[in-house]
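Peer 1: Have a look at the structure that comes next, please.
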Number of protein chains: 2
Amino acid sequence: MGHAGNLGFVTPQRLKFDQTLPLRSGATLSDYELVYETYGELNAERNNAVLVCHALNASHHLAGHYEGKANSEGWWDNLIGPGKPLDTDRFFVIGVNNLGSCFGSTGPMHVNPASGQVYGADFPVVTVQDWVDAQARLLDALGITQLAAVLGGSLGGMQALDWSLRYPQRLRHCIAIATAPNLSAQNIAFNEVARRAIITDPDFHGGHYAQHNAIPKRGLRVARMIGHITYLSDDAMEAKFGRELRAAELSYSTQEIEFQIESYLRYQGDKFSEYFDANTYLLITRALDYFDPAREHGGDLSRAFASATCKFLLASFSTDWRFAPARSREIVKALLDNKLDVSYAEIDAPHGHDAFLLEDPRYHGVLRAYFLRIAGEFQ
Amino acid sequence: MGHAGNLGFVTPQRLKFDQTLPLRSGATLSDYELVYETYGELNAERNNAVLVCHALNASHHLAGHYEGKANSEGWWDNLIGPGKPLDTDRFFVIGVNNLGSCFGSTGPMHVNPASGQVYGADFPVVTVQDWVDAQARLLDALGITQLAAVLGGSLGGMQALDWSLRYPQRLRHCIAIATAPNLSAQNIAFNEVARRAIITDPDFHGGHYAQHNAIPKRGLRVARMIGHITYLSDDAMEAKFGRELRAAELSYSTQEIEFQIESYLRYQGDKFSEYFDANTYLLITRALDYFDPAREHGGDLSRAFASATCKFLLASFSTDWRFAPARSREIVKALLDNKLDVSYAEIDAPHGHDAFLLEDPRYHGVLRAYFLRIAGEFQ
C-alpha cells in the first residue's frame, strides 16, 4: 500500500458523436458530445480500465484539480488517486458526464440543432439505460472492449448495475454503493415535491426559462433543501445542528432564521441554485424514478439479473434512510439467486446516504481490498 | 360498553375576550375571539370536562357534523361521541380553535384593530404556551376550574404536556399521543423547507398577500406535499402506492404524472391550498419549532416536569418516523424521574404519524380503557 497522493492537475476532454443515439423514450439524440476525464494509464492489454458513474449533483470530474481554478477538487478525490483505494497507479480511471447534465455533455442548456434554440424542456427524457449506452460508445471510441470494473454510488450504482445486466461481456466487476434496485414510493415522492417546486416557480416558464432570461432559483433552492434532508441521517443532523440557535435568544419570527439547521439548508439551497440547471434536475430525478430493471421481468429482480455474469461488490450504510441497507440486500439476494460471485459490506456509519462520498476508514478499506483483488487478476 | 353512536349535528360557539393576552414573543393580543365546540354535558360537580387540543391542520370541530353541510365530519369523530372511546355520554368534551388559525379564532386573516387592515404577516408569533394560556381563559369563562383530562396528538400532545407543566392544578390527566418533547433538527428542517416554499412564492408578498388579492398557492401545495410524506410511513406509502403507474405505459415526461404517488401528492397539495392560510401555516410550524420545555431547565426534561402533578398516558406508533416512539420514551423517562403516574403504550401500527388520527383497534382500546379509568374517578 503506497503513500496516498493526489492527482494534481487534470484536464477534461470532449468527444463528439455523430451516430444517432436511440433513447428509451422513443426519441433520439444526434450530434451529441460527452465530456470526460481519465486518470492513470491504460495498460498494453487494455484491461485495467475502471468507469466511474456519477449521481445527481456530480460530473466527469472525479479527482484532481483544474489548473488555475481554486476549490476545483473532484467529487471523489478522497477515493481516487495514486495510492488511494481506487489507485491510479494501477488503474485507468474514466469519469464521464452523463447526457442531460449541466456540466459539459450535451444537455438542456445547449442549442438544439433542430430548432437553433436552447433545448430547455425540449431536451429528451434520458434514462439510466440511455446513459449506459452513451458510456459504452465512449468506451468504443477509447478502444476499451472490457472494463475491469464499473463503480458508482447512488444513481451511479444504478448505472453500474445496468452495465452488468445489459453489457455483461464488457465488465468483469460491478461495484454498486448505497444504491437500490428501484426507488420506493417515498423516494419518488421526495423527487416529485422537488420537481413541483421547480416547475411551479414562475421563472420556470415551462422549462424554457433561458428564452426568458430567467432562472427558477426559488424552485431549485427548495428542491436542494429537500434533497439535503434526505442525504443526511436524522442522527447526523441532530449531532451537527440539533436545536442550536443562530442568535443567543429567540427572535420570534416565521420568516427569519432562528435555528442553525435553517441557516445551513438555506445556504445549501442558495449555492445550488447558482450553478445547477433546473431542467437537468428534472431529468436526473426522473432517471432515478424510472430505473427498475425488474419491471421488464414481471417485478422479479432475480430474473432481471439472469443476464449478469460479472462479479459484484455491494456496500450500504446503516444510517442511510434514502437507499437503506435493506434495498442493497434485495440486490444481493437476486445475485445469489443467480449463483453470482457477490461480496456485500453493510457499513455502520453515522452519515446517512452521504456516507458513500465520505472517507470512512472501514468503507475505504473495503473498496481498497476489492480493487487490490481486481488488480491481482491482471497484474 | 354501549353501542357507539354519532353526535349528530353540532354547532360552533364563539367567545370574545377583552383582557389583553401577553404572548411569549413580548407582543400582546387584545380583542381576540376563540371559536370552540362542546359535546356532552358538564356534570353538576363540573369535573368531567376533557379539553382536546388540535394539531396543524385541524380545528375546534372534533366530532359530529354541521347541519346542511356535506362532508363536515369532525376530524376526530372516530374517537369522540356517545359510546366511543372518549364517550360524550360521560364526558363534557371541549374543542377549541387556536389563535393564529384560519378556522375561526382570531388569526392572520382577520382585521388588525390597530391598523384596520388584515393582519397577514403582522399577526404576532404564537407559541404552544400562548395557546394554552388562551385555552385556560376559555375554561375560566366556561366555569371549569379543573379538567378531567387534556388530550392531544402531535402538536396537540405538546399542548397537553404544557398544560401539565404550567397549570398543574387544572388537570387530573394528561394524554399525549404521537408527540415529542421538542422537534429534532430533521423535524425543523422539514418545517423550514415548507416555509421557504411559501415565503418565496411571489404571491406571498411578504405575508401581505390579502392586500394584493393573491394567495401563495404554489408554496402551500409544496408545503403540504412535504408534510404528507412525513405523516405517512415508508411502508404505508409503499403498500398503498408502490411504483404503480397512472397509465398503462410510461410517458417519459418530467412534468406530467407517471406514478400514482405523484397524483396523490399533487391532489393533497391542491386541496390544501384551497382552504389553508399561508400565514397560519408559518405560525403553526413555528409553534412546533419553538416548543421545548427543557430549554428553560438547561435542557433537562426531567427538571422541566418537576412542576407536573397529574397522571399521564402517552402513546406512540412503531412506524411514526416524524415523532418516533423514542421521543415519547424520553417524556416517559422524565415523568418517571419525577415519580409521576404514567402509562405508556407503544402501538405497532403501519400508518406512520397519521396513525394517531386513525381507528386502530389496539390504539382505541388503550384510550377507551384509560377514559373508563378517568370516568371511574368521578362517577
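So you can find residues: chains in the C-alpha cells are A, B, ... in the order shown, residues in each start at 1, and ligands are numbered from 1 in order.
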Enumerate, in order of chain and increasing residue number, the residues of chain B with an atom no farther than 8 Å from chain A, each with its shortest atom pair and distance in Å to one decimal, counting only C-alpha atoms, as JSON lines.
Peer 2:
```
{"residue": "B:Ser25", "atom": "CA", "partner": "A:Tyr252", "partner_atom": "CA", "distance": 5.7}
{"residue": "B:Val125", "atom": "CA", "partner": "A:Tyr252", "partner_atom": "CA", "distance": 6.1}
{"residue": "B:Leu183", "atom": "CA", "partner": "A:Arg243", "partner_atom": "CA", "distance": 7.9}
{"residue": "B:Ser184", "atom": "CA", "partner": "A:Gly242", "partner_atom": "CA", "distance": 6.4}
{"residue": "B:Ala185", "atom": "CA", "partner": "A:Gly242", "partner_atom": "CA", "distance": 4.9}
{"residue": "B:Gln186", "atom": "CA", "partner": "A:Asp234", "partner_atom": "CA", "distance": 5.9}
{"residue": "B:Ile188", "atom": "CA", "partner": "A:Ile261", "partner_atom": "CA", "distance": 7.6}
{"residue": "B:Ala189", "atom": "CA", "partner": "A:Glu262", "partner_atom": "CA", "distance": 6.4}
{"residue": "B:Phe190", "atom": "CA", "partner": "A:Ile226", "partner_atom": "CA", "distance": 7.5}
{"residue": "B:Glu192", "atom": "CA", "partner": "A:Glu262", "partner_atom": "CA", "distance": 6.3}
{"residue": "B:Val193", "atom": "CA", "partner": "A:Val222", "partner_atom": "CA", "distance": 6.2}
{"residue": "B:Arg195", "atom": "CA", "partner": "A:Gln255", "partner_atom": "CA", "distance": 7.8}
{"residue": "B:Arg196", "atom": "CA", "partner": "A:Val222", "partner_atom": "CA", "distance": 7.0}
{"residue": "B:Ala197", "atom": "CA", "partner": "A:Val222", "partner_atom": "CA", "distance": 6.3}
{"residue": "B:Ile199", "atom": "CA", "partner": "A:Gln255", "partner_atom": "CA", "distance": 7.3}
{"residue": "B:Thr200", "atom": "CA", "partner": "A:Arg218", "partner_atom": "CA", "distance": 6.4}
{"residue": "B:Asp201", "atom": "CA", "partner": "A:Asp201", "partner_atom": "CA", "distance": 7.6}
{"residue": "B:Pro202", "atom": "CA", "partner": "A:Pro202", "partner_atom": "CA", "distance": 8.0}
{"residue": "B:Arg218", "atom": "CA", "partner": "A:Thr200", "partner_atom": "CA", "distance": 6.4}
{"residue": "B:Gly219", "atom": "CA", "partner": "A:Ala197", "partner_atom": "CA", "distance": 7.8}
{"residue": "B:Val222", "atom": "CA", "partner": "A:Val193", "partner_atom": "CA", "distance": 6.2}
{"residue": "B:Met225", "atom": "CA", "partner": "A:Val193", "partner_atom": "CA", "distance": 6.3}
{"residue": "B:Ile226", "atom": "CA", "partner": "A:Val193", "partner_atom": "CA", "distance": 6.7}
{"residue": "B:Ile229", "atom": "CA", "partner": "A:Gln186", "partner_atom": "CA", "distance": 6.9}
{"residue": "B:Asp234", "atom": "CA", "partner": "A:Gln186", "partner_atom": "CA", "distance": 5.9}
{"residue": "B:Met237", "atom": "CA", "partner": "A:Ala185", "partner_atom": "CA", "distance": 6.0}
{"residue": "B:Glu238", "atom": "CA", "partner": "A:Ala185", "partner_atom": "CA", "distance": 5.3}
{"residue": "B:Phe241", "atom": "CA", "partner": "A:Ala185", "partner_atom": "CA", "distance": 6.4}
{"residue": "B:Gly242", "atom": "CA", "partner": "A:Ala185", "partner_atom": "CA", "distance": 4.9}
{"residue": "B:Arg243", "atom": "CA", "partner": "A:Ala185", "partner_atom": "CA", "distance": 5.9}
{"residue": "B:Ser251", "atom": "CA", "partner": "A:Ser25", "partner_atom": "CA", "distance": 7.6}
{"residue": "B:Tyr252", "atom": "CA", "partner": "A:Ser25", "partner_atom": "CA", "distance": 5.7}
{"residue": "B:Ser253", "atom": "CA", "partner": "A:Val125", "partner_atom": "CA", "distance": 6.5}
{"residue": "B:Thr254", "atom": "CA", "partner": "A:Leu282", "partner_atom": "CA", "distance": 5.8}
{"residue": "B:Gln255", "atom": "CA", "partner": "A:Ile199", "partner_atom": "CA", "distance": 7.3}
{"residue": "B:Ile261", "atom": "CA", "partner": "A:Ala189", "partner_atom": "CA", "distance": 6.4}
{"residue": "B:Glu262", "atom": "CA", "partner": "A:Glu192", "partner_atom": "CA", "distance": 6.3}
{"residue": "B:Leu265", "atom": "CA", "partner": "A:Ala189", "partner_atom": "CA", "distance": 7.5}
{"residue": "B:Leu282", "atom": "CA", "partner": "A:Thr254", "partner_atom": "CA", "distance": 5.8}
{"residue": "B:Leu283", "atom": "CA", "partner": "A:Thr254", "partner_atom": "CA", "distance": 6.4}
{"residue": "B:Arg286", "atom": "CA", "partner": "A:Thr254", "partner_atom": "CA", "distance": 6.2}
```
Peer 1: If you keep N, CA and C atoms, can you produce a file of those selected residues as a compact mmCIF listing (two decimals), in the first residue's frame?
Peer 2:
```
# COMPACT_ATOMS: atom_id res chain seq x y z
N SER B 25 -43.61 36.05 22.79
CA SER B 25 -42.73 36.88 21.96
C SER B 25 -42.54 38.27 22.53
N VAL B 125 -46.37 36.18 16.42
CA VAL B 125 -45.96 34.78 16.54
C VAL B 125 -46.54 34.22 17.83
N LEU B 183 -38.89 19.40 18.73
CA LEU B 183 -38.60 18.93 17.38
C LEU B 183 -37.12 18.63 17.24
N SER B 184 -36.79 17.59 16.50
CA SER B 184 -35.41 17.29 16.14
C SER B 184 -34.96 18.25 15.04
N ALA B 185 -33.66 18.26 14.77
CA ALA B 185 -33.14 19.07 13.66
C ALA B 185 -33.83 18.68 12.35
N GLN B 186 -34.07 17.39 12.15
CA GLN B 186 -34.73 16.96 10.91
C GLN B 186 -36.17 17.46 10.85
N ILE B 188 -37.34 20.20 12.25
CA ILE B 188 -37.26 21.64 11.95
C ILE B 188 -36.92 21.85 10.48
N ALA B 189 -36.03 21.00 9.97
CA ALA B 189 -35.61 21.12 8.57
C ALA B 189 -36.81 20.97 7.63
N PHE B 190 -37.64 19.98 7.85
CA PHE B 190 -38.83 19.81 7.00
C PHE B 190 -39.74 21.03 7.12
N GLU B 192 -38.86 24.04 7.80
CA GLU B 192 -38.22 25.19 7.17
C GLU B 192 -38.34 25.13 5.64
N VAL B 193 -38.19 23.95 5.07
CA VAL B 193 -38.35 23.84 3.61
C VAL B 193 -39.77 24.23 3.22
N ARG B 195 -41.78 26.21 4.82
CA ARG B 195 -41.91 27.66 4.97
C ARG B 195 -41.24 28.40 3.82
N ARG B 196 -40.04 27.95 3.41
CA ARG B 196 -39.36 28.64 2.31
C ARG B 196 -40.18 28.55 1.03
N ALA B 197 -40.81 27.39 0.81
CA ALA B 197 -41.65 27.25 -0.39
C ALA B 197 -42.76 28.30 -0.38
N ILE B 199 -42.83 31.24 1.56
CA ILE B 199 -42.33 32.61 1.65
C ILE B 199 -41.73 33.08 0.33
N THR B 200 -41.14 32.16 -0.43
CA THR B 200 -40.52 32.56 -1.70
C THR B 200 -41.50 32.49 -2.87
N ASP B 201 -42.72 32.09 -2.61
CA ASP B 201 -43.75 32.16 -3.66
C ASP B 201 -44.03 33.64 -3.94
N PRO B 202 -43.88 34.09 -5.20
CA PRO B 202 -44.09 35.51 -5.49
C PRO B 202 -45.46 36.02 -5.05
N ARG B 218 -48.90 28.07 -4.78
CA ARG B 218 -47.77 27.21 -5.18
C ARG B 218 -46.99 26.75 -3.97
N GLY B 219 -46.70 27.71 -3.08
CA GLY B 219 -45.94 27.38 -1.89
C GLY B 219 -46.73 26.46 -0.96
N VAL B 222 -46.60 22.82 -2.23
CA VAL B 222 -45.33 22.14 -1.95
C VAL B 222 -45.21 21.84 -0.46
N MET B 225 -47.31 18.85 0.37
CA MET B 225 -46.73 17.61 -0.17
C MET B 225 -45.61 17.11 0.75
N ILE B 226 -44.75 18.04 1.18
CA ILE B 226 -43.67 17.65 2.10
C ILE B 226 -44.28 17.09 3.38
N ILE B 229 -45.58 13.51 3.11
CA ILE B 229 -44.54 12.46 3.10
C ILE B 229 -44.14 12.12 4.54
N ASP B 234 -42.92 5.00 5.46
CA ASP B 234 -42.36 4.49 4.21
C ASP B 234 -43.14 3.25 3.77
N MET B 237 -46.76 3.98 2.55
CA MET B 237 -46.73 4.58 1.22
C MET B 237 -46.42 3.51 0.17
N GLU B 238 -45.52 2.60 0.54
CA GLU B 238 -45.15 1.52 -0.38
C GLU B 238 -46.35 0.60 -0.60
N PHE B 241 -49.15 2.77 -2.61
CA PHE B 241 -48.84 3.26 -3.96
C PHE B 241 -47.74 2.46 -4.65
N GLY B 242 -46.72 2.10 -3.91
CA GLY B 242 -45.58 1.42 -4.51
C GLY B 242 -45.08 2.19 -5.72
N ARG B 243 -44.82 1.48 -6.79
CA ARG B 243 -44.36 2.11 -8.03
C ARG B 243 -45.47 2.06 -9.09
N SER B 251 -44.87 7.51 -19.92
CA SER B 251 -44.97 8.53 -20.97
C SER B 251 -43.66 9.29 -21.16
N TYR B 252 -42.67 9.02 -20.33
CA TYR B 252 -41.37 9.69 -20.40
C TYR B 252 -41.52 11.20 -20.40
N SER B 253 -41.93 11.71 -19.26
CA SER B 253 -42.12 13.14 -19.09
C SER B 253 -41.62 13.55 -17.72
N THR B 254 -40.96 14.70 -17.64
CA THR B 254 -40.52 15.19 -16.34
C THR B 254 -41.62 16.00 -15.66
N GLN B 255 -42.59 16.49 -16.44
CA GLN B 255 -43.56 17.42 -15.88
C GLN B 255 -44.94 16.79 -15.66
N ILE B 261 -48.27 7.79 -6.81
CA ILE B 261 -47.90 8.57 -5.63
C ILE B 261 -47.81 10.06 -5.98
N GLU B 262 -47.39 10.35 -7.20
CA GLU B 262 -47.32 11.76 -7.63
C GLU B 262 -48.72 12.36 -7.71
N LEU B 265 -50.05 13.00 -4.15
CA LEU B 265 -49.44 14.16 -3.50
C LEU B 265 -49.93 15.46 -4.12
N LEU B 282 -47.24 29.14 8.52
CA LEU B 282 -45.96 29.59 9.07
C LEU B 282 -46.03 29.65 10.60
N LEU B 283 -47.11 30.21 11.11
CA LEU B 283 -47.24 30.36 12.57
C LEU B 283 -47.25 28.99 13.27
N ARG B 286 -43.94 27.21 13.23
CA ARG B 286 -43.02 27.86 14.17
C ARG B 286 -43.34 27.48 15.61
```
Peer 1: Just want the 12 Å neighbourhood of stretch 333-336 of chain A, counted on only C-alpha atoms, with same-chain residues fewer than 4 positions away dropped. Output as a ChimeraX atom specification.
Peer 2: /A:161,164-165,174,181,293-294,299-314,326-329,340-344
Peer 1: Determine which residues of stretch 165-310 of chain B DSSP labels as alpha helix (DSSP H) from the backbone of this structure, then write them out as a PyMOL selection string.
Peer 2: chain B and resi 165-166+185-199+217-231+234-240+260-275+278-290+301-304
